[in-house]
file input-v6.cif (mmCIF, N, CA and C atoms)
data_target
#
loop_
_atom_site.label_atom_id
_atom_site.label_comp_id
_atom_site.auth_asym_id
_atom_site.auth_seq_id
_atom_site.Cartn_x
_atom_site.Cartn_y
_atom_site.Cartn_z
N MET I 1 25.32 -13.05 -140.44
CA MET I 1 24.39 -13.99 -139.87
C MET I 1 24.46 -15.28 -140.68
N THR I 2 24.56 -16.37 -140.00
CA THR I 2 24.64 -17.65 -140.69
C THR I 2 23.30 -18.35 -140.59
N GLY I 3 22.96 -19.10 -141.62
CA GLY I 3 21.70 -19.83 -141.62
C GLY I 3 20.52 -18.92 -141.90
N ILE I 4 19.35 -19.55 -141.97
CA ILE I 4 18.12 -18.80 -142.22
C ILE I 4 17.48 -18.46 -140.89
N ARG I 5 17.21 -17.21 -140.73
CA ARG I 5 16.65 -16.72 -139.46
C ARG I 5 15.12 -16.78 -139.50
N ARG I 6 14.52 -17.33 -138.47
CA ARG I 6 13.06 -17.40 -138.35
C ARG I 6 12.58 -16.10 -137.73
N LEU I 7 11.52 -15.52 -138.30
CA LEU I 7 11.00 -14.24 -137.84
C LEU I 7 9.79 -14.43 -136.93
N ALA I 8 9.67 -13.56 -135.95
CA ALA I 8 8.47 -13.52 -135.13
C ALA I 8 7.38 -12.82 -135.94
N PRO I 9 6.11 -13.04 -135.63
CA PRO I 9 5.03 -12.42 -136.41
C PRO I 9 5.12 -10.88 -136.53
N PRO I 10 5.45 -10.14 -135.47
CA PRO I 10 5.59 -8.68 -135.65
C PRO I 10 6.74 -8.32 -136.60
N GLN I 11 7.83 -9.08 -136.50
CA GLN I 11 8.96 -8.84 -137.40
C GLN I 11 8.58 -9.17 -138.84
N SER I 12 7.83 -10.24 -139.03
CA SER I 12 7.41 -10.63 -140.37
C SER I 12 6.50 -9.56 -140.99
N ARG I 13 5.62 -8.96 -140.19
CA ARG I 13 4.76 -7.90 -140.70
C ARG I 13 5.59 -6.69 -141.14
N LYS I 14 6.59 -6.34 -140.33
CA LYS I 14 7.46 -5.22 -140.69
C LYS I 14 8.26 -5.54 -141.96
N VAL I 15 8.75 -6.77 -142.07
CA VAL I 15 9.52 -7.18 -143.25
C VAL I 15 8.64 -7.11 -144.49
N ASN I 16 7.40 -7.63 -144.40
CA ASN I 16 6.50 -7.61 -145.55
C ASN I 16 6.17 -6.19 -145.98
N ALA I 17 5.93 -5.31 -145.03
CA ALA I 17 5.66 -3.91 -145.36
C ALA I 17 6.87 -3.27 -146.03
N LEU I 18 8.05 -3.59 -145.55
CA LEU I 18 9.28 -3.05 -146.12
C LEU I 18 9.50 -3.58 -147.55
N VAL I 19 9.20 -4.86 -147.76
CA VAL I 19 9.34 -5.44 -149.10
C VAL I 19 8.40 -4.72 -150.07
N LYS I 20 7.15 -4.59 -149.69
CA LYS I 20 6.16 -3.98 -150.58
C LYS I 20 6.45 -2.50 -150.84
N LYS I 21 7.02 -1.83 -149.86
CA LYS I 21 7.26 -0.39 -150.00
C LYS I 21 8.60 -0.07 -150.67
N GLU I 22 9.67 -0.79 -150.33
CA GLU I 22 11.01 -0.39 -150.72
C GLU I 22 11.73 -1.28 -151.74
N CYS I 23 11.33 -2.54 -151.85
CA CYS I 23 12.08 -3.45 -152.72
C CYS I 23 11.80 -3.15 -154.18
N CYS I 24 12.85 -2.90 -154.94
CA CYS I 24 12.70 -2.58 -156.36
C CYS I 24 12.38 -3.80 -157.20
N ASN I 25 12.55 -4.99 -156.64
CA ASN I 25 12.29 -6.22 -157.39
C ASN I 25 10.89 -6.77 -157.14
N CYS I 26 10.16 -6.16 -156.23
CA CYS I 26 8.81 -6.62 -155.91
C CYS I 26 7.81 -5.68 -156.57
N ILE I 27 7.10 -6.19 -157.55
CA ILE I 27 6.09 -5.41 -158.27
C ILE I 27 4.77 -6.14 -158.15
N ASP I 28 3.79 -5.50 -157.54
CA ASP I 28 2.46 -6.09 -157.31
C ASP I 28 2.55 -7.43 -156.59
N GLY I 29 3.50 -7.56 -155.67
CA GLY I 29 3.65 -8.79 -154.89
C GLY I 29 4.41 -9.89 -155.60
N ASN I 30 4.88 -9.61 -156.81
CA ASN I 30 5.63 -10.60 -157.58
C ASN I 30 7.10 -10.19 -157.66
N CYS I 31 7.98 -11.18 -157.62
CA CYS I 31 9.41 -10.92 -157.68
C CYS I 31 9.89 -10.99 -159.12
N ILE I 32 10.46 -9.89 -159.61
CA ILE I 32 10.93 -9.89 -160.99
C ILE I 32 12.25 -10.62 -161.16
N LEU I 33 12.98 -10.83 -160.06
CA LEU I 33 14.22 -11.61 -160.15
C LEU I 33 13.94 -13.09 -160.43
N LEU I 34 12.81 -13.57 -159.93
CA LEU I 34 12.47 -14.98 -160.11
C LEU I 34 11.56 -15.19 -161.32
N ASP I 35 11.19 -14.13 -162.00
CA ASP I 35 10.26 -14.20 -163.12
C ASP I 35 10.95 -14.86 -164.33
N ASP I 36 10.41 -16.00 -164.76
CA ASP I 36 10.93 -16.69 -165.94
C ASP I 36 9.87 -16.78 -167.03
N GLY I 37 9.00 -15.82 -167.07
CA GLY I 37 7.89 -15.82 -168.01
C GLY I 37 6.56 -15.92 -167.29
N ASP I 38 6.54 -16.69 -166.23
CA ASP I 38 5.35 -16.79 -165.38
C ASP I 38 5.58 -15.91 -164.15
N GLU I 39 4.49 -15.35 -163.64
CA GLU I 39 4.62 -14.54 -162.43
C GLU I 39 4.97 -15.44 -161.25
N CYS I 40 5.86 -14.95 -160.42
CA CYS I 40 6.30 -15.71 -159.24
C CYS I 40 6.11 -14.83 -158.01
N VAL I 41 5.37 -15.30 -157.03
CA VAL I 41 5.13 -14.55 -155.81
C VAL I 41 6.45 -14.36 -155.08
N CYS I 42 6.65 -13.19 -154.55
CA CYS I 42 7.89 -12.89 -153.80
C CYS I 42 7.98 -13.82 -152.59
N PRO I 43 9.02 -14.64 -152.50
CA PRO I 43 9.13 -15.58 -151.38
C PRO I 43 9.29 -14.90 -150.03
N GLN I 44 9.80 -13.69 -150.03
CA GLN I 44 9.99 -12.98 -148.78
C GLN I 44 8.65 -12.60 -148.14
N THR I 45 7.63 -12.38 -148.96
CA THR I 45 6.33 -11.97 -148.42
C THR I 45 5.50 -13.14 -147.92
N ILE I 46 5.83 -14.37 -148.32
CA ILE I 46 5.00 -15.51 -147.92
C ILE I 46 5.70 -16.42 -146.90
N SER I 47 6.88 -16.03 -146.45
CA SER I 47 7.59 -16.88 -145.49
C SER I 47 7.84 -16.12 -144.19
N PHE I 48 8.13 -16.86 -143.15
CA PHE I 48 8.50 -16.28 -141.87
C PHE I 48 10.01 -16.36 -141.66
N SER I 49 10.75 -16.26 -142.77
CA SER I 49 12.20 -16.33 -142.73
C SER I 49 12.79 -15.25 -143.62
N LEU I 50 14.06 -14.96 -143.40
CA LEU I 50 14.78 -14.05 -144.28
C LEU I 50 15.42 -14.88 -145.37
N LEU I 51 14.75 -15.00 -146.52
CA LEU I 51 15.22 -15.85 -147.59
C LEU I 51 15.97 -15.09 -148.67
N CYS I 52 15.49 -13.93 -149.02
CA CYS I 52 15.99 -13.20 -150.18
C CYS I 52 17.30 -12.47 -149.87
N LYS I 53 18.34 -12.80 -150.62
CA LYS I 53 19.64 -12.15 -150.41
C LYS I 53 19.58 -10.67 -150.75
N TRP I 54 18.83 -10.32 -151.80
CA TRP I 54 18.70 -8.91 -152.19
C TRP I 54 18.06 -8.12 -151.06
N PHE I 55 17.01 -8.69 -150.47
CA PHE I 55 16.34 -8.01 -149.36
C PHE I 55 17.29 -7.80 -148.19
N ARG I 56 18.04 -8.84 -147.85
CA ARG I 56 18.97 -8.74 -146.72
C ARG I 56 20.07 -7.71 -146.96
N ALA I 57 20.55 -7.64 -148.21
CA ALA I 57 21.69 -6.77 -148.52
C ALA I 57 21.28 -5.32 -148.80
N ALA I 58 20.15 -5.12 -149.49
CA ALA I 58 19.83 -3.78 -149.97
C ALA I 58 18.63 -3.13 -149.31
N VAL I 59 17.64 -3.91 -148.91
CA VAL I 59 16.40 -3.32 -148.41
C VAL I 59 16.35 -3.27 -146.88
N LEU I 60 16.73 -4.34 -146.24
CA LEU I 60 16.65 -4.40 -144.78
C LEU I 60 17.45 -3.31 -144.06
N PRO I 61 18.64 -2.92 -144.53
CA PRO I 61 19.36 -1.84 -143.82
C PRO I 61 18.64 -0.49 -143.84
N LEU I 62 17.62 -0.32 -144.67
CA LEU I 62 16.87 0.93 -144.70
C LEU I 62 16.08 1.15 -143.41
N ASP I 63 15.63 0.07 -142.78
CA ASP I 63 14.92 0.16 -141.51
C ASP I 63 15.92 -0.20 -140.40
N LYS I 64 16.51 0.81 -139.81
CA LYS I 64 17.61 0.58 -138.86
C LYS I 64 17.16 -0.19 -137.63
N GLU I 65 15.94 0.09 -137.15
CA GLU I 65 15.46 -0.61 -135.96
C GLU I 65 15.28 -2.11 -136.24
N LEU I 66 14.64 -2.42 -137.35
CA LEU I 66 14.41 -3.82 -137.70
C LEU I 66 15.73 -4.52 -137.99
N TYR I 67 16.62 -3.84 -138.71
CA TYR I 67 17.94 -4.42 -139.00
C TYR I 67 18.70 -4.73 -137.71
N ALA I 68 18.67 -3.78 -136.78
CA ALA I 68 19.37 -4.00 -135.51
C ALA I 68 18.72 -5.13 -134.72
N ASP I 69 17.40 -5.21 -134.80
CA ASP I 69 16.69 -6.25 -134.08
C ASP I 69 17.02 -7.64 -134.64
N LEU I 70 17.15 -7.73 -135.95
CA LEU I 70 17.39 -9.03 -136.58
C LEU I 70 18.86 -9.43 -136.63
N TYR I 71 19.72 -8.49 -136.94
CA TYR I 71 21.12 -8.83 -137.22
C TYR I 71 22.10 -8.49 -136.12
N ALA I 72 21.91 -7.39 -135.49
CA ALA I 72 22.98 -6.91 -134.61
C ALA I 72 22.47 -6.62 -133.20
N PRO I 73 22.07 -7.63 -132.47
CA PRO I 73 21.65 -7.36 -131.09
C PRO I 73 22.80 -6.83 -130.24
N GLU I 74 24.04 -7.12 -130.64
CA GLU I 74 25.18 -6.58 -129.88
C GLU I 74 25.39 -5.10 -130.17
N ASP I 75 24.80 -4.59 -131.27
CA ASP I 75 24.91 -3.17 -131.58
C ASP I 75 23.83 -2.34 -130.90
N ARG I 76 22.96 -2.98 -130.14
CA ARG I 76 21.93 -2.25 -129.40
C ARG I 76 22.61 -1.59 -128.22
N ARG I 77 22.26 -0.36 -127.95
CA ARG I 77 22.86 0.38 -126.85
C ARG I 77 21.76 0.83 -125.91
N ARG I 78 22.15 1.17 -124.71
CA ARG I 78 21.23 1.70 -123.70
C ARG I 78 21.54 3.17 -123.49
N CYS I 79 20.49 3.98 -123.44
CA CYS I 79 20.63 5.41 -123.23
C CYS I 79 21.09 5.66 -121.79
N ALA I 80 22.04 6.55 -121.62
CA ALA I 80 22.57 6.86 -120.29
C ALA I 80 21.58 7.66 -119.45
N VAL I 81 20.58 8.27 -120.09
CA VAL I 81 19.60 9.09 -119.37
C VAL I 81 18.34 8.30 -119.05
N CYS I 82 17.68 7.76 -120.10
CA CYS I 82 16.37 7.12 -119.90
C CYS I 82 16.44 5.60 -119.92
N ASP I 83 17.59 5.03 -120.19
CA ASP I 83 17.82 3.58 -120.21
C ASP I 83 17.05 2.87 -121.32
N ALA I 84 16.63 3.61 -122.35
CA ALA I 84 15.95 2.99 -123.48
C ALA I 84 16.97 2.33 -124.40
N SER I 85 16.54 1.29 -125.10
CA SER I 85 17.41 0.59 -126.03
C SER I 85 17.27 1.25 -127.40
N PHE I 86 18.40 1.43 -128.10
CA PHE I 86 18.37 2.03 -129.43
C PHE I 86 19.51 1.48 -130.26
N ALA I 87 19.35 1.57 -131.59
CA ALA I 87 20.36 1.08 -132.52
C ALA I 87 21.39 2.16 -132.79
N SER I 88 22.64 1.76 -132.87
CA SER I 88 23.71 2.71 -133.13
C SER I 88 24.80 2.05 -133.95
N SER I 89 25.31 2.79 -134.92
CA SER I 89 26.41 2.26 -135.71
C SER I 89 27.75 2.75 -135.17
N SER I 90 27.72 3.65 -134.21
CA SER I 90 28.93 4.20 -133.62
C SER I 90 29.10 3.66 -132.20
N ASN I 91 30.33 3.50 -131.78
CA ASN I 91 30.55 2.99 -130.43
C ASN I 91 30.67 4.11 -129.39
N SER I 92 30.58 5.36 -129.83
CA SER I 92 30.73 6.47 -128.89
C SER I 92 29.39 7.12 -128.53
N VAL I 93 28.29 6.61 -129.04
CA VAL I 93 26.98 7.19 -128.77
C VAL I 93 26.53 6.78 -127.38
N LYS I 94 26.09 7.77 -126.58
CA LYS I 94 25.65 7.49 -125.22
C LYS I 94 24.16 7.68 -125.02
N TYR I 95 23.50 8.45 -125.90
CA TYR I 95 22.12 8.84 -125.68
C TYR I 95 21.23 8.40 -126.84
N CYS I 96 19.99 8.07 -126.55
CA CYS I 96 19.02 7.76 -127.60
C CYS I 96 18.69 9.05 -128.36
N PRO I 97 18.11 8.93 -129.55
CA PRO I 97 17.83 10.14 -130.34
C PRO I 97 16.95 11.17 -129.62
N ASP I 98 16.01 10.72 -128.81
CA ASP I 98 15.14 11.66 -128.09
C ASP I 98 15.93 12.45 -127.04
N CYS I 99 16.75 11.75 -126.27
CA CYS I 99 17.52 12.42 -125.22
C CYS I 99 18.68 13.22 -125.80
N ARG I 100 19.21 12.79 -126.95
CA ARG I 100 20.36 13.45 -127.55
C ARG I 100 20.08 14.93 -127.82
N LYS I 101 18.87 15.24 -128.31
CA LYS I 101 18.51 16.63 -128.60
C LYS I 101 18.53 17.47 -127.33
N ARG I 102 17.91 16.93 -126.27
CA ARG I 102 17.88 17.66 -124.99
C ARG I 102 19.27 17.88 -124.43
N ILE I 103 20.09 16.83 -124.45
CA ILE I 103 21.44 16.90 -123.89
C ILE I 103 22.28 17.90 -124.69
N GLN I 104 22.21 17.85 -126.01
CA GLN I 104 23.00 18.77 -126.83
C GLN I 104 22.57 20.21 -126.59
N ARG I 105 21.27 20.44 -126.45
CA ARG I 105 20.77 21.79 -126.18
C ARG I 105 21.30 22.30 -124.83
N ARG I 106 21.25 21.44 -123.81
CA ARG I 106 21.73 21.83 -122.48
C ARG I 106 23.23 22.08 -122.49
N GLN I 107 23.99 21.21 -123.16
CA GLN I 107 25.44 21.38 -123.22
C GLN I 107 25.82 22.64 -123.97
N ALA I 108 25.08 22.96 -125.03
CA ALA I 108 25.36 24.18 -125.79
C ALA I 108 25.11 25.41 -124.92
N ALA I 109 24.03 25.38 -124.14
CA ALA I 109 23.74 26.51 -123.25
C ALA I 109 24.84 26.67 -122.20
N GLU I 110 25.30 25.56 -121.63
CA GLU I 110 26.37 25.62 -120.63
C GLU I 110 27.68 26.13 -121.25
N ARG I 111 27.97 25.68 -122.45
CA ARG I 111 29.18 26.11 -123.15
C ARG I 111 29.14 27.61 -123.44
N LYS I 112 27.98 28.09 -123.89
CA LYS I 112 27.84 29.52 -124.17
C LYS I 112 27.92 30.34 -122.89
N ARG I 113 27.31 29.84 -121.82
CA ARG I 113 27.35 30.54 -120.54
C ARG I 113 28.79 30.61 -120.03
N LYS I 114 29.51 29.52 -120.16
CA LYS I 114 30.90 29.50 -119.72
C LYS I 114 31.75 30.46 -120.55
N GLY I 115 31.48 30.51 -121.86
CA GLY I 115 32.20 31.44 -122.73
C GLY I 115 31.94 32.88 -122.36
N ILE I 116 30.71 33.20 -122.02
CA ILE I 116 30.37 34.57 -121.61
C ILE I 116 31.06 34.90 -120.29
N ASP I 117 31.02 33.96 -119.35
CA ASP I 117 31.68 34.19 -118.06
C ASP I 117 33.18 34.39 -118.23
N THR I 118 33.81 33.60 -119.09
CA THR I 118 35.25 33.74 -119.34
C THR I 118 35.56 35.11 -119.94
N PHE I 119 34.72 35.54 -120.86
CA PHE I 119 34.91 36.85 -121.48
C PHE I 119 34.76 37.96 -120.44
N LEU I 120 33.74 37.86 -119.60
CA LEU I 120 33.52 38.90 -118.58
C LEU I 120 34.64 38.92 -117.55
N LEU I 121 35.19 37.75 -117.21
CA LEU I 121 36.35 37.70 -116.31
C LEU I 121 37.55 38.38 -116.97
N LYS I 122 37.73 38.15 -118.23
CA LYS I 122 38.87 38.68 -118.95
C LYS I 122 38.84 40.21 -119.00
N ILE I 123 37.66 40.77 -119.21
CA ILE I 123 37.59 42.24 -119.31
C ILE I 123 37.40 42.90 -117.95
N GLY I 124 37.26 42.10 -116.89
CA GLY I 124 37.21 42.64 -115.54
C GLY I 124 35.84 43.03 -115.05
N VAL I 125 34.80 42.67 -115.73
CA VAL I 125 33.45 43.01 -115.29
C VAL I 125 32.95 42.01 -114.27
N LEU I 126 33.44 40.80 -114.33
CA LEU I 126 33.01 39.73 -113.44
C LEU I 126 34.18 39.30 -112.58
N SER I 127 33.93 39.12 -111.29
CA SER I 127 35.00 38.66 -110.40
C SER I 127 34.99 37.14 -110.34
N ARG I 128 36.00 36.55 -109.72
CA ARG I 128 36.13 35.10 -109.65
C ARG I 128 34.98 34.46 -108.87
N ASP I 129 34.37 35.20 -107.95
CA ASP I 129 33.26 34.63 -107.18
C ASP I 129 31.92 34.83 -107.88
N LYS I 130 31.95 35.08 -109.20
CA LYS I 130 30.78 35.18 -110.07
C LYS I 130 29.85 36.33 -109.71
N THR I 131 30.40 37.43 -109.26
CA THR I 131 29.58 38.61 -109.00
C THR I 131 30.05 39.73 -109.92
N PHE I 132 29.09 40.52 -110.39
CA PHE I 132 29.42 41.65 -111.25
C PHE I 132 30.00 42.78 -110.42
N GLN I 133 30.83 43.59 -111.04
CA GLN I 133 31.39 44.77 -110.37
C GLN I 133 30.97 45.99 -111.17
N ASN I 134 30.42 47.01 -110.46
CA ASN I 134 30.06 48.23 -111.19
C ASN I 134 31.25 49.18 -111.19
N SER I 135 31.05 50.36 -111.69
CA SER I 135 32.17 51.28 -111.87
C SER I 135 32.81 51.70 -110.55
N THR I 136 32.08 51.64 -109.42
CA THR I 136 32.68 52.00 -108.13
C THR I 136 33.26 50.78 -107.43
N HIS I 137 33.35 49.67 -108.17
CA HIS I 137 33.90 48.42 -107.67
C HIS I 137 33.11 47.83 -106.51
N GLU I 138 31.81 48.15 -106.45
CA GLU I 138 30.96 47.49 -105.46
C GLU I 138 30.44 46.21 -106.11
N LYS I 139 30.42 45.20 -105.36
CA LYS I 139 29.98 43.91 -105.92
C LYS I 139 28.46 43.86 -105.93
N ILE I 140 27.94 43.46 -107.07
CA ILE I 140 26.49 43.29 -107.24
C ILE I 140 26.27 41.82 -107.55
N GLY I 141 25.41 41.18 -106.79
CA GLY I 141 25.15 39.76 -106.99
C GLY I 141 24.56 39.47 -108.35
N ARG I 142 24.97 38.39 -108.94
CA ARG I 142 24.48 38.01 -110.25
C ARG I 142 23.21 37.19 -110.06
N GLY I 143 22.17 37.51 -110.80
CA GLY I 143 20.87 36.87 -110.64
C GLY I 143 20.91 35.38 -110.95
N GLY I 144 20.38 34.57 -110.04
CA GLY I 144 20.28 33.12 -110.26
C GLY I 144 21.56 32.34 -109.99
N GLN I 145 22.64 33.00 -109.67
CA GLN I 145 23.87 32.23 -109.42
C GLN I 145 24.55 32.69 -108.16
#

call {"tool": "encode", "arguments": {"input": "input-v6.cif", "output": "structure tokens"}}
result
Amino acid sequence: MTGIRRLAPPQSRKVNALVKKECCNCIDGNCILLDDGDECVCPQTISFSLLCKWFRAAVLPLDKELYADLYAPEDRRRCAVCDASFASSSNSVKYCPDCRKRIQRRQAAERKRKGIDTFLLKIGVLSRDKTFQNSTHEKIGRGGQ
């Protein structure tokens, strides 16, 4: 990002909370990097801009949503299921974190079901039309399919 970025009020509140909570150079609202014997108020907490290089490099990446909102709007992705916007560092992600759990659970169930069906076909218990065969080779319909 080039130049100094101006923050919206909600972004500034998130930045200030992040500075107070996570920045190792901010102690009681004072910046120890700028301390020359007199206490110096942290400039990041009193401005509506991203001024501090340490904050930009070390603290801001801890909040992925805020970082994506400020620095990488092109890294925002849309969920293929719910169309929600989310931050991603990978270019192969298709689903937001909420939908990802549901999709992975469903895909795992389908994969396991397919594996069981393949095994049953292999040992001859299941026919190609997805019906079970008993010992007299009478076809018994499979429940739900």

call {"tool": "closest_residue", "arguments": {"input": "input-v6.cif", "among": "I:Leu62, I:Ala80, I:Ile27, I:Cys52", "to": "Ile103 in chain I", "atoms": "only C-alpha atoms"}}
result
I:Ala80

call {"tool": "atom_distance", "arguments": {"input": "input-v6.cif", "atom1": "atom N of Glu110 in chain I", "atom2": "atom N of Tyr95 in chain I"}}
result
17.7 Å

call {"tool": "resolve_selection", "arguments": {"input": "input-v6.cif", "expression": "the PyMOL selection byres (((chain I and resi 85 and name CA) around 12) and name CA)", "output": "count of residues only"}}
result
25

call {"tool": "select_by_dssp", "arguments": {"input": "input-v6.cif", "residues": "range 9-145 of chain I", "states": "strand (DSSP E)", "output": "list in words"}}
result
Cys26, Ile27, Asn30, Cys31, Arg76, Arg77, Arg78, Ser85, Phe86, Ala87, Phe132, Gln133, Lys139 and Ile140 of chain I

call {"tool": "residues_around", "arguments": {"input": "input-v6.cif", "residues": "Val15 in chain I", "least_positions_apart": "2", "cutoff": "10 Å", "atoms": "only C-alpha atoms", "output": "ChimeraX atom specification"}}
result
/I:7,9-13,17-21,44-45,48-50,55,59-60,63,66-67
